[in-house]
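**Q** One file: start.cif (mmCIF, C-alpha atoms).
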data_model
loop_
_atom_site.label_atom_id
_atom_site.label_comp_id
_atom_site.auth_asym_id
_atom_site.auth_seq_id
_atom_site.Cartn_x
_atom_site.Cartn_y
_atom_site.Cartn_z
CA MET Z 153 18.06 -149.28 133.60
CA GLY Z 154 17.60 -146.17 131.47
CA PRO Z 155 17.89 -145.88 127.72
CA ALA Z 156 21.20 -146.85 126.18
CA ALA Z 157 23.62 -144.00 125.52
CA SER Z 158 24.67 -143.31 121.96
CA ARG Z 159 28.20 -142.44 120.91
CA HIS Z 160 27.25 -138.81 121.45
CA GLY Z 161 26.57 -139.46 125.13
CA VAL Z 162 22.86 -138.75 124.80
CA ALA Z 163 19.94 -141.07 125.39
CA ALA Z 164 18.95 -143.17 122.40
CA GLN Z 165 15.22 -143.15 121.76
CA PRO Z 166 13.36 -146.40 122.47
CA GLN Z 167 12.07 -148.12 119.33
CA HIS Z 168 8.74 -149.49 120.53
CA ASP Z 169 5.14 -149.07 119.50
CA ILE Z 170 5.94 -148.21 115.89
CA LEU Z 171 3.23 -148.95 113.34
CA GLN Z 172 4.67 -151.13 110.59
CA LEU Z 173 2.84 -153.01 107.82
CA ILE Z 174 5.83 -153.94 105.63
CA THR Z 175 9.09 -155.10 107.21
CA SER Z 176 12.52 -154.08 105.98
CA GLU Z 177 12.69 -157.46 104.25
CA GLY Z 178 9.48 -156.78 102.33
CA ILE Z 179 7.14 -159.00 104.34
CA ARG Z 180 3.55 -157.82 104.81
CA ILE Z 181 2.49 -157.74 108.46
CA PRO Z 182 -1.25 -158.08 109.20
CA ASN Z 183 -2.64 -155.44 111.54
CA GLU Z 184 -6.15 -155.77 112.91
CA GLU Z 185 -6.53 -152.03 113.55
CA TYR Z 186 -4.92 -150.51 110.47
CA ASP Z 187 -5.42 -153.03 107.62
CA ARG Z 188 -8.89 -151.71 106.81
CA TRP Z 189 -7.41 -148.30 106.07
CA VAL Z 190 -5.33 -149.71 103.21
CA GLU Z 191 -7.57 -152.53 102.00
CA ASP Z 192 -7.98 -150.68 98.67
CA ILE Z 193 -4.24 -150.84 98.04
CA THR Z 194 -4.06 -153.65 95.53
CA ASP Z 195 -0.79 -154.92 94.12
CA ASP Z 196 -1.18 -152.51 91.20
CA ARG Z 197 -1.72 -149.53 93.51
CA LEU Z 198 1.23 -150.58 95.65
CA ALA Z 199 3.26 -150.65 92.42
CA GLY Z 200 2.08 -147.09 91.81
CA LEU Z 201 3.39 -145.98 95.21
CA TYR Z 202 6.66 -147.70 94.38
CA GLU Z 203 6.89 -145.77 91.11
CA ASP Z 204 6.23 -142.49 92.92
CA MET Z 205 9.08 -143.16 95.32
CA VAL Z 206 11.48 -144.06 92.52
CA VAL Z 207 10.54 -140.92 90.60
CA ILE Z 208 11.08 -138.54 93.52
CA ARG Z 209 14.40 -140.21 94.34
CA ARG Z 210 15.40 -139.58 90.72
CA ILE Z 211 14.22 -135.95 90.99
CA ASP Z 212 16.23 -135.58 94.16
CA LYS Z 213 19.36 -137.05 92.58
CA GLU Z 214 19.09 -134.87 89.48
CA ALA Z 215 18.57 -131.74 91.59
CA THR Z 216 21.70 -132.59 93.56
CA PHE Z 217 23.62 -132.94 90.28
CA LEU Z 218 22.27 -129.55 89.13
CA GLN Z 219 23.43 -127.93 92.35
CA ARG Z 220 26.89 -129.44 92.03
CA GLN Z 221 27.04 -128.13 88.44
CA GLY Z 222 26.28 -124.60 89.61
CA GLU Z 223 22.70 -124.47 88.31
CA LEU Z 224 21.17 -124.24 91.81
CA ALA Z 225 22.40 -122.27 94.81
CA LEU Z 226 21.34 -124.95 97.29
CA TRP Z 227 19.31 -128.15 97.51
CA PRO Z 228 17.81 -129.99 100.51
CA PRO Z 229 17.91 -133.74 99.65
CA LEU Z 230 15.15 -136.09 100.78
CA LEU Z 231 17.07 -139.35 100.18
CA GLY Z 232 15.63 -141.99 102.52
CA GLN Z 233 12.41 -140.12 103.26
CA GLU Z 234 10.48 -141.15 100.13
CA ALA Z 235 7.94 -143.37 101.94
CA ALA Z 236 7.10 -140.70 104.52
CA GLN Z 237 6.36 -138.19 101.77
CA ILE Z 238 4.58 -140.41 99.23
CA GLY Z 239 2.59 -142.32 101.86
CA SER Z 240 1.26 -139.12 103.41
CA GLY Z 241 1.03 -137.09 100.20
CA ARG Z 242 -1.05 -139.73 98.39
CA ALA Z 243 -3.48 -139.92 101.31
CA LEU Z 244 -4.62 -136.32 100.87
CA ARG Z 245 -7.60 -134.96 98.94
CA ASP Z 246 -7.27 -132.08 96.51
CA ASP Z 247 -9.14 -129.74 98.88
CA ASP Z 248 -6.75 -130.40 101.78
CA PHE Z 249 -4.06 -127.78 102.24
CA VAL Z 250 -0.36 -128.54 102.83
CA PHE Z 251 2.02 -126.31 104.78
CA PRO Z 252 5.51 -127.73 104.16
CA SER Z 253 9.01 -127.02 105.33
CA TYR Z 254 11.72 -126.87 102.67
CA ARG Z 255 12.24 -130.63 102.22
CA GLU Z 256 8.78 -131.80 101.12
CA ASN Z 257 9.63 -131.98 97.43
CA GLY Z 258 8.05 -135.43 97.25
CA VAL Z 259 4.79 -134.08 98.66
CA ALA Z 260 4.99 -131.25 96.11
CA TYR Z 261 5.27 -133.89 93.38
CA CYS Z 262 2.12 -135.56 94.74
CA ARG Z 263 0.28 -132.22 94.69
CA GLY Z 264 1.12 -131.73 91.02
CA VAL Z 265 3.90 -129.15 91.19
CA LYS Z 266 5.90 -129.14 87.95
CA SER Z 267 9.35 -130.55 88.56
CA GLU Z 268 11.13 -127.41 87.32
CA ASP Z 269 8.94 -125.26 89.59
CA ILE Z 270 10.25 -127.23 92.58
CA LEU Z 271 13.70 -125.90 91.65
CA ARG Z 272 12.75 -122.31 90.85
CA VAL Z 273 13.32 -120.88 94.33
CA TRP Z 274 16.58 -122.82 94.79
CA ARG Z 275 17.86 -121.35 91.52
CA GLY Z 276 17.08 -117.88 92.83
CA ASN Z 277 14.75 -117.32 89.93
CA ALA Z 278 11.66 -116.36 91.97
CA HIS Z 279 10.43 -115.86 95.50
CA SER Z 280 8.52 -119.10 95.16
CA GLY Z 281 7.85 -121.70 92.52
CA TRP Z 282 4.08 -121.98 92.32
CA ASP Z 283 0.71 -120.46 93.11
CA PRO Z 284 -0.26 -122.01 96.49
CA TYR Z 285 -3.99 -121.79 95.77
CA SER Z 286 -3.74 -123.62 92.46
CA ILE Z 287 -2.68 -126.85 94.17
CA ASN Z 288 -3.51 -126.16 97.84
CA MET Z 289 0.09 -126.27 98.97
CA ALA Z 290 2.01 -123.34 100.45
CA THR Z 291 5.47 -122.64 99.13
CA PRO Z 292 8.51 -123.92 101.10
CA GLN Z 293 8.99 -122.43 104.54
CA ILE Z 294 12.62 -121.85 105.49
CA ILE Z 295 11.95 -120.55 109.02
CA ILE Z 296 11.97 -123.66 111.19
CA GLY Z 297 8.46 -124.61 112.34
CA ALA Z 298 6.74 -121.36 111.31
CA GLN Z 299 4.46 -123.23 108.91
CA SER Z 300 2.79 -125.06 111.81
CA LEU Z 301 1.25 -121.76 112.93
CA HIS Z 302 0.01 -121.07 109.42
CA ALA Z 303 -1.57 -124.52 109.27
CA VAL Z 304 -3.44 -124.09 112.54
CA GLY Z 305 -4.72 -120.70 111.43
CA TYR Z 306 -5.92 -122.20 108.16
CA ALA Z 307 -7.54 -125.07 110.06
CA MET Z 308 -9.43 -122.52 112.16
CA GLY Z 309 -10.87 -121.17 108.91
CA ILE Z 310 -11.89 -124.67 107.81
CA LYS Z 311 -13.70 -125.17 111.09
CA TYR Z 312 -15.52 -121.84 110.87
CA ASP Z 313 -16.50 -122.59 107.27
CA GLY Z 314 -17.84 -125.98 108.26
CA ALA Z 315 -15.77 -127.65 105.53
CA SER Z 316 -14.41 -131.19 105.63
CA SER Z 317 -10.94 -130.43 104.33
CA VAL Z 318 -7.84 -130.73 106.52
CA ALA Z 319 -4.66 -128.69 106.97
CA VAL Z 320 -1.46 -130.73 107.09
CA THR Z 321 1.84 -129.30 108.23
CA TYR Z 322 5.22 -130.98 107.80
CA PHE Z 323 8.33 -130.40 109.86
CA GLY Z 324 11.40 -132.26 111.08
CA ASP Z 325 12.44 -133.50 114.50
CA GLY Z 326 14.46 -130.35 115.08
CA ALA Z 327 11.40 -128.15 114.67
CA THR Z 328 9.73 -129.81 117.65
CA SER Z 329 12.13 -127.84 119.87
CA GLN Z 330 10.88 -124.58 118.39
CA GLY Z 331 8.34 -122.43 120.20
CA ASP Z 332 6.26 -122.03 117.06
CA VAL Z 333 5.46 -125.75 116.89
CA ASN Z 334 4.65 -126.02 120.58
CA GLU Z 335 2.44 -122.93 120.47
CA SER Z 336 0.57 -124.30 117.46
CA LEU Z 337 0.00 -127.60 119.30
CA VAL Z 338 -1.53 -125.72 122.23
CA PHE Z 339 -3.80 -123.69 119.97
CA ALA Z 340 -4.86 -126.69 117.86
CA ALA Z 341 -5.77 -128.71 120.94
CA SER Z 342 -7.64 -125.83 122.56
CA PHE Z 343 -9.85 -125.27 119.52
CA GLN Z 344 -9.88 -128.87 118.22
CA VAL Z 345 -9.17 -127.77 114.67
CA PRO Z 346 -8.78 -130.15 111.71
CA VAL Z 347 -5.00 -130.22 111.38
CA ILE Z 348 -2.34 -132.93 111.14
CA PHE Z 349 1.13 -132.32 112.52
CA PHE Z 350 3.36 -134.55 110.41
CA CYS Z 351 6.85 -134.82 111.89
CA GLN Z 352 9.50 -136.50 109.75
CA ASN Z 353 11.92 -137.65 112.41
CA ASN Z 354 14.99 -138.15 110.23
CA HIS Z 355 17.22 -138.38 113.33
CA TRP Z 356 19.37 -135.33 112.66
CA ALA Z 357 18.63 -131.61 113.04
CA ILE Z 358 21.61 -130.73 110.86
CA SER Z 359 24.36 -132.06 113.18
CA GLU Z 360 22.28 -132.51 116.34
CA PRO Z 361 20.99 -136.06 117.00
CA VAL Z 362 17.33 -136.41 117.88
CA GLY Z 363 18.19 -138.10 121.17
CA LEU Z 364 19.70 -134.83 122.38
CA GLN Z 365 16.37 -133.09 121.89
CA SER Z 366 14.07 -135.76 123.25
CA SER Z 367 14.82 -138.80 125.41
CA VAL Z 368 11.34 -140.17 124.62
CA PRO Z 369 9.65 -140.72 121.24
CA ILE Z 370 8.55 -137.37 119.86
CA ALA Z 371 5.00 -138.69 119.34
CA ASP Z 372 4.78 -139.26 123.10
CA ARG Z 373 4.86 -135.49 123.61
CA ALA Z 374 1.57 -134.94 121.76
CA PRO Z 375 -0.77 -136.41 124.44
CA GLY Z 376 0.66 -133.87 126.84
CA PHE Z 377 -0.93 -131.21 124.65
CA GLY Z 378 -4.19 -133.16 124.46
CA ILE Z 379 -3.48 -134.46 120.95
CA PRO Z 380 -3.32 -138.16 120.04
CA GLY Z 381 0.00 -139.27 118.58
CA ILE Z 382 0.83 -142.03 116.11
CA ARG Z 383 4.39 -143.32 115.77
CA VAL Z 384 4.85 -144.95 112.40
CA ASP Z 385 7.73 -146.54 110.50
CA GLY Z 386 8.47 -143.66 108.16
CA ASN Z 387 10.23 -145.98 105.70
CA ASP Z 388 7.06 -148.06 105.29
CA VAL Z 389 4.89 -146.37 102.65
CA LEU Z 390 1.84 -148.51 103.46
CA ALA Z 391 1.98 -147.79 107.19
CA VAL Z 392 2.41 -144.07 106.56
CA LEU Z 393 -0.57 -144.10 104.21
CA ALA Z 394 -2.70 -145.89 106.83
CA ALA Z 395 -1.67 -143.58 109.68
CA THR Z 396 -2.35 -140.47 107.60
CA ARG Z 397 -5.77 -141.75 106.55
CA VAL Z 398 -6.67 -142.39 110.19
CA ALA Z 399 -5.63 -138.84 111.11
CA LEU Z 400 -7.50 -137.36 108.13
CA ASP Z 401 -10.66 -139.23 109.05
CA ARG Z 402 -10.43 -138.01 112.64
CA ALA Z 403 -10.02 -134.41 111.47
CA ARG Z 404 -12.84 -134.60 108.90
CA THR Z 405 -15.30 -136.02 111.42
CA GLY Z 406 -14.72 -133.44 114.14
CA GLY Z 407 -12.11 -135.36 116.12
CA GLY Z 408 -9.57 -132.56 115.99
CA PRO Z 409 -5.82 -132.66 115.46
CA THR Z 410 -3.44 -135.63 115.28
CA PHE Z 411 0.32 -135.75 115.62
CA ILE Z 412 2.16 -138.27 113.41
CA GLU Z 413 5.81 -139.07 113.99
CA ALA Z 414 7.22 -140.80 110.91
CA VAL Z 415 10.46 -142.41 112.04
CA THR Z 416 12.78 -142.28 109.05
CA TYR Z 417 16.35 -141.31 108.25
CA ARG Z 418 18.07 -138.63 106.22
CA MET Z 419 20.61 -140.71 104.28
CA GLY Z 420 22.13 -137.68 102.60
CA PRO Z 421 23.29 -134.31 103.93
CA HIS Z 422 21.01 -131.73 105.53
CA THR Z 423 21.55 -129.62 102.45
CA THR Z 424 24.18 -129.62 99.74
CA ALA Z 425 26.12 -127.17 101.95
CA ASP Z 426 26.47 -129.83 104.66
CA ASP Z 427 28.93 -132.71 105.15
CA PRO Z 428 27.38 -135.37 107.43
CA LYS Z 429 30.66 -137.32 107.58
CA LYS Z 430 31.86 -134.76 110.09
CA TYR Z 431 29.24 -135.73 112.67
CA ARG Z 432 27.67 -139.07 111.65
CA ASP Z 433 28.93 -142.63 112.02
CA ASP Z 434 29.08 -144.60 108.74
CA ASN Z 435 27.77 -147.67 110.58
CA GLU Z 436 24.63 -145.79 111.53
CA LEU Z 437 24.07 -144.88 107.88
CA GLN Z 438 24.56 -148.48 106.81
CA ASP Z 439 21.97 -149.66 109.34
CA TRP Z 440 19.40 -147.38 107.70
CA VAL Z 441 20.41 -148.27 104.16
CA GLU Z 442 19.19 -151.77 105.03
CA LYS Z 443 15.79 -150.24 105.91
CA ASP Z 444 15.52 -148.47 102.55
CA PRO Z 445 11.88 -147.55 101.84
CA ILE Z 446 12.08 -148.43 98.14
CA SER Z 447 13.93 -151.74 98.51
CA ARG Z 448 11.35 -153.17 100.89
CA VAL Z 449 8.45 -152.53 98.50
CA GLU Z 450 10.52 -153.94 95.65
CA ALA Z 451 11.05 -157.09 97.74
CA LEU Z 452 7.32 -157.36 98.46
CA LEU Z 453 6.37 -156.88 94.81
CA THR Z 454 8.97 -159.44 93.79
CA ARG Z 455 7.53 -161.92 96.26
CA GLN Z 456 4.09 -161.32 94.74
CA GLY Z 457 5.37 -161.73 91.20
CA LYS Z 458 4.66 -158.11 90.27
CA PHE Z 459 8.21 -156.82 89.95
CA THR Z 460 8.77 -157.88 86.38
CA ASP Z 461 11.44 -156.69 83.95
CA ASN Z 462 8.80 -154.75 82.01
CA PHE Z 463 7.54 -153.01 85.15
CA GLN Z 464 11.08 -152.13 86.24
CA ALA Z 465 11.89 -150.70 82.79
CA LYS Z 466 8.65 -148.68 82.75
CA VAL Z 467 9.36 -147.14 86.16
CA GLN Z 468 12.94 -146.31 85.24
CA ALA Z 469 11.83 -144.72 81.97
CA THR Z 470 9.28 -142.56 83.81
CA ALA Z 471 11.87 -141.45 86.36
CA ASP Z 472 14.41 -140.62 83.65
CA ARG Z 473 11.82 -138.68 81.65
CA VAL Z 474 10.77 -136.58 84.65
CA ALA Z 475 14.40 -135.88 85.53
CA ALA Z 476 15.22 -134.86 81.96
CA GLU Z 477 12.21 -132.53 81.81
CA MET Z 478 13.22 -130.99 85.13
CA ARG Z 479 16.81 -130.41 83.97
CA SER Z 480 15.68 -128.87 80.71
CA GLY Z 481 13.15 -126.66 82.49
CA CYS Z 482 15.74 -125.55 85.02
CA ILE Z 483 18.53 -124.52 82.69
CA SER Z 484 16.12 -122.80 80.27
CA MET Z 485 14.45 -120.60 82.89
CA VAL Z 486 14.30 -116.94 81.87
CA GLU Z 487 16.42 -114.93 84.27
CA PRO Z 488 14.39 -112.28 86.12
CA GLU Z 489 15.09 -108.58 85.69
CA PRO Z 490 16.61 -106.81 88.75
CA MET Z 491 13.40 -104.88 89.48
CA ASP Z 492 11.38 -108.11 89.50
CA VAL Z 493 12.48 -108.63 93.09
CA PHE Z 494 9.69 -106.19 94.06
CA SER Z 495 7.00 -108.04 92.10
CA ASN Z 496 4.38 -110.23 93.78
CA VAL Z 497 5.39 -109.15 97.30
CA TYR Z 498 2.10 -107.48 98.28
CA SER Z 499 -1.36 -107.92 96.75
CA SER Z 500 -2.11 -104.18 97.07
CA PRO Z 501 0.03 -101.01 96.74
CA ASN Z 502 2.46 -100.44 99.59
CA SER Z 503 4.22 -97.11 100.14
CA MET Z 504 7.20 -98.64 101.93
CA LEU Z 505 7.83 -101.05 99.07
CA ASP Z 506 7.35 -98.24 96.52
CA ARG Z 507 10.05 -96.23 98.29
CA GLN Z 508 12.42 -99.20 98.31
CA ARG Z 509 11.74 -99.76 94.60
CA ASP Z 510 12.58 -96.14 93.78
CA GLN Z 511 15.75 -96.25 95.83
CA TYR Z 512 16.90 -99.46 94.17
CA ALA Z 513 16.13 -98.05 90.70
CA SER Z 514 18.27 -95.00 91.51
CA TYR Z 515 21.04 -97.28 92.74
CA LEU Z 516 21.02 -99.29 89.50
CA ALA Z 517 20.88 -96.09 87.42
CA SER Z 518 24.02 -94.86 89.14
CA PHE Z 519 26.01 -97.63 87.43
CA GLU Z 520 24.73 -96.59 84.01
CA ALA Z 521 25.66 -92.98 84.77
CA ALA Z 522 29.15 -94.01 85.83
CA GLU Z 523 29.63 -95.98 82.60
CA GLU Z 524 28.59 -92.97 80.51
CA VAL Z 525 31.12 -90.78 82.33
CA ALA Z 526 33.85 -93.39 81.78
CA GLN Z 527 33.13 -93.44 78.04
#
Go ahead and express the file in the form of structure tokens.

**A**
Amino acid sequence: MGPAASRHGVAAQPQHDILQLITSEGIRIPNEEYDRWVEDITDDRLAGLYEDMVVIRRIDKEATFLQRQGELALWPPLLGQEAAQIGSGRALRDDDFVFPSYRENGVAYCRGVKSEDILRVWRGNAHSGWDPYSINMATPQIIIGAQSLHAVGYAMGIKYDGASSVAVTYFGDGATSQGDVNESLVFAASFQVPVIFFCQNNHWAISEPVGLQSSVPIADRAPGFGIPGIRVDGNDVLAVLAATRVALDRARTGGGPTFIEAVTYRMGPHTTADDPKKYRDDNELQDWVEKDPISRVEALLTRQGKFTDNFQAKVQATADRVAAEMRSGCISMVEPEPMDVFSNVYSSPNSMLDRQRDQYASYLASFEAAEEVAQ
């Protein structure tokens, strides 16, 4: 008998062979192969991962409020994907380089991006919010999957330099249908470069269910390219951390690329311009709410006597402070001048851009001339 059909008439993906170290109920599962990769995660460090997830959920919520209040043009929520981003982001070294899509705001937080700088591009205030080389993280990529090519190219440079750093590229399940991602997998396997392909399978490519794109787990595609794949519970921060550390170690020691499929769920809309109620069953959402990445760690910490009132208050205060700083930084941003759109486009003079700048300046001057005539 084949896979069960979903309500959309497409094959539902089988849910086997998923690495999990913490169940949805907050119970720690021993794992002979992966436990050694997280043996340094004491209760206090697990509490730190919990705090990170709470903070980025608060950032995400505040950014959504700002968009609804007209302060941002658009916002891509990450609600439900906190463990996938914190677990992987906290596994990286400073000299690793991240090539994100547009939803890795939690990873950006891990890399040290100021919270208001995460919003800058969504406010239309700048082409991008930060200097990529100051934190080793490229700015958000809107073109689906294009960043995977950039990551493989960067990884080629790492290999030629003989360095031990790793390039990590993030994308969603929808991007795996793009040519860019498949071409980068071919190239990475051919040259055995130190790169991690981190797929956040959040089950929906806007309104298209993942089962329509792949009737098998996405991680199962990687061996076909000659790349080992790991399928991990993307709502389990400890399992994601372990899987990412395994992939990083393989890359640093000459083992080449790894593909990680973090099985998670986008509990909110694709962006604030989307309404998932038009294509998603409420029961499906409720099933994933019960697998919440934050609740399961809270349950585990409670069981271990670490989730005290003082700890809870401290985490909430940190989250509220970060959100308040982000809001203040957002609404106080200095608006750019019209001609600033041509700034920081090229590192050296460019005649085509100079011509466009002159033409735009003449266009703007025409309004001033018209006003003088009217007066």

**Q** Got a sec to resolve the PyMOL selection byres ((chain Z and resi 296) around 10) on this structure and send the residues as a ChimeraX atom specification?

**A** /Z:253-254,293-295,297-300,323-324,326-333

**Q** Give me a file of those residues, with C-alpha atoms, as a CSV table (one decimal), in the coordinates of the input.

**A**
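out_3.csv, written as the output of this step:
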chain,number,residue,atom,x,y,z
Z,253,SER,CA,9.0,-127.0,105.3
Z,254,TYR,CA,11.7,-126.9,102.7
Z,293,GLN,CA,9.0,-122.4,104.5
Z,294,ILE,CA,12.6,-121.8,105.5
Z,295,ILE,CA,12.0,-120.6,109.0
Z,297,GLY,CA,8.5,-124.6,112.3
Z,298,ALA,CA,6.7,-121.4,111.3
Z,299,GLN,CA,4.5,-123.2,108.9
Z,300,SER,CA,2.8,-125.1,111.8
Z,323,PHE,CA,8.3,-130.4,109.9
Z,324,GLY,CA,11.4,-132.3,111.1
Z,326,GLY,CA,14.5,-130.4,115.1
Z,327,ALA,CA,11.4,-128.2,114.7
Z,328,THR,CA,9.7,-129.8,117.6
Z,329,SER,CA,12.1,-127.8,119.9
Z,330,GLN,CA,10.9,-124.6,118.4
Z,331,GLY,CA,8.3,-122.4,120.2
Z,332,ASP,CA,6.3,-122.0,117.1
Z,333,VAL,CA,5.5,-125.8,116.9

**Q** List as JSON lines every residue of region 222-325 of chain Z that is in contact with region 195-215 of chain Z, defined as an atom at most 8 Å from one of its atoms (using all atoms listed in the file), together with the nearest atom pair and the distance in Å rounded to one decimal, sorted by chain and then rising number.

**A**
{"residue": "Z:Leu224", "atom": "CA", "partner": "Z:Ala215", "partner_atom": "CA", "distance": 7.9}
{"residue": "Z:Trp227", "atom": "CA", "partner": "Z:Ala215", "partner_atom": "CA", "distance": 7.0}
{"residue": "Z:Pro229", "atom": "CA", "partner": "Z:Asp212", "partner_atom": "CA", "distance": 6.0}
{"residue": "Z:Leu230", "atom": "CA", "partner": "Z:Asp212", "partner_atom": "CA", "distance": 6.7}
{"residue": "Z:Leu231", "atom": "CA", "partner": "Z:Arg209", "partner_atom": "CA", "distance": 6.5}
{"residue": "Z:Glu234", "atom": "CA", "partner": "Z:Met205", "partner_atom": "CA", "distance": 5.4}
{"residue": "Z:Ala235", "atom": "CA", "partner": "Z:Met205", "partner_atom": "CA", "distance": 6.7}
{"residue": "Z:Ile238", "atom": "CA", "partner": "Z:Met205", "partner_atom": "CA", "distance": 6.6}
{"residue": "Z:Gly239", "atom": "CA", "partner": "Z:Leu201", "partner_atom": "CA", "distance": 7.6}
{"residue": "Z:Asn257", "atom": "CA", "partner": "Z:Ile208", "partner_atom": "CA", "distance": 7.8}
{"residue": "Z:Gly258", "atom": "CA", "partner": "Z:Ile208", "partner_atom": "CA", "distance": 5.7}
{"residue": "Z:Tyr261", "atom": "CA", "partner": "Z:Ile208", "partner_atom": "CA", "distance": 7.4}
{"residue": "Z:Ser267", "atom": "CA", "partner": "Z:Ile211", "partner_atom": "CA", "distance": 7.7}
{"residue": "Z:Leu271", "atom": "CA", "partner": "Z:Ala215", "partner_atom": "CA", "distance": 7.6}

**Q** Using all atoms listed in the file, pick whichever of Z:Ala315, Z:Ile181, Z:Ala236, Z:Ala260 has the shortest atom-to-atom distance to Asp388 (chain Z).

**A**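 Using all atoms listed in the file, Asp388 (chain Z) sits closest to Z:Ala236.
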
**Q** So what do you get for CA of Ile179 (chain Z) versus CA of Asp401 (chain Z), distance-wise?

**A**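 So the two atoms, CA of Ile179 (chain Z) and CA of Asp401 (chain Z), lie 27.0 Å apart.
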
**Q** Expand the PyMOL selection byres ((chain Z and resi 278) around 10) into the explicit residue set it covers here, and present it as a ChimeraX atom specification.

**A** /Z:269,271-277,279-282,487-488,492-493,495-496

**Q** Skipping near chain neighbours, those fewer than 3 positions away, what residues fall within 7 Å of region 351-366 of chain Z using all atoms listed in the file, listed as a ChimeraX atom specification?

**A** /Z:162-165,322-326,369-370,412-418,422,431

**Q** Taking all atoms listed in the file into account, which of Z:Val398, Z:Lys443, Z:Met491, Z:Phe377 comes nearest Asp187 (chain Z)?

**A**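 Closest residue, counting all atoms listed in the file: Z:Val398.
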
**Q** Hey, can you check how far CA of Asn435 (chain Z) sits from CA of Gly178 (chain Z)?

**A** 22.0 Å

**Q** List, as a short mmCIF file (atom, residue, chain, number, x, y, z; two decimals) with C-alpha atoms, keeping the file's coordinate frame, every residue that the PyMOL selection byres ((chain Z and resi 241) around 8) selects in the file provided.

**A**
data_model
loop_
_atom_site.label_atom_id
_atom_site.label_comp_id
_atom_site.auth_asym_id
_atom_site.auth_seq_id
_atom_site.Cartn_x
_atom_site.Cartn_y
_atom_site.Cartn_z
CA GLN Z 237 6.36 -138.19 101.77
CA ILE Z 238 4.58 -140.41 99.23
CA GLY Z 239 2.59 -142.32 101.86
CA SER Z 240 1.26 -139.12 103.41
CA ARG Z 242 -1.05 -139.73 98.39
CA ALA Z 243 -3.48 -139.92 101.31
CA LEU Z 244 -4.62 -136.32 100.87
CA GLY Z 258 8.05 -135.43 97.25
CA VAL Z 259 4.79 -134.08 98.66
CA CYS Z 262 2.12 -135.56 94.74
CA ARG Z 263 0.28 -132.22 94.69
#

**Q** I'd like the interatomic distance between CA of Glu256 (chain Z) and CA of Gly232 (chain Z), to a tenth of an Å.

**A**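 Answer for the CA of Glu256 (chain Z) to CA of Gly232 (chain Z) separation: 12.4 Å.
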
**Q** What box, with edges along x, y and z, holds each listed atom of region 361-365 of chain Z when 8 Å is added on every side, and can you state its centre and edge lengths in Å to one decimal, as JSON?

**A**
{"center_x": 18.7, "center_y": -135.6, "center_z": 119.7, "size_x": 20.6, "size_y": 21.0, "size_z": 21.4}

**Q** From the set Z:Thr396, Z:Gln464, Z:Ser316, Z:Gln219, which residue has the shortest atom-to-atom contact distance to Asp246 (chain Z), counting only C-alpha atoms?

**A**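 Of Z:Thr396, Z:Gln464, Z:Ser316, Z:Gln219, the one nearest Asp246 (chain Z), counting only C-alpha atoms, is Z:Ser316.
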
**Q** Given the choices Z:Ala465, Z:Val338, Z:Val318, Z:Val474, which gets closest to Arg397 (chain Z) if the distance is worked out from only C-alpha atoms?

**A**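 Checking each of Z:Ala465, Z:Val338, Z:Val318, Z:Val474 against Arg397 (chain Z), counting only C-alpha atoms, the winner is Z:Val318.
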
**Q** Considering only C-alpha atoms, can you say which of Z:Gly407, Z:Pro490, Z:Pro501, Z:Gly481 comes closest to Ala517 (chain Z)?

**A**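 For Ala517 (chain Z), the nearest of the given residues is Z:Pro490.
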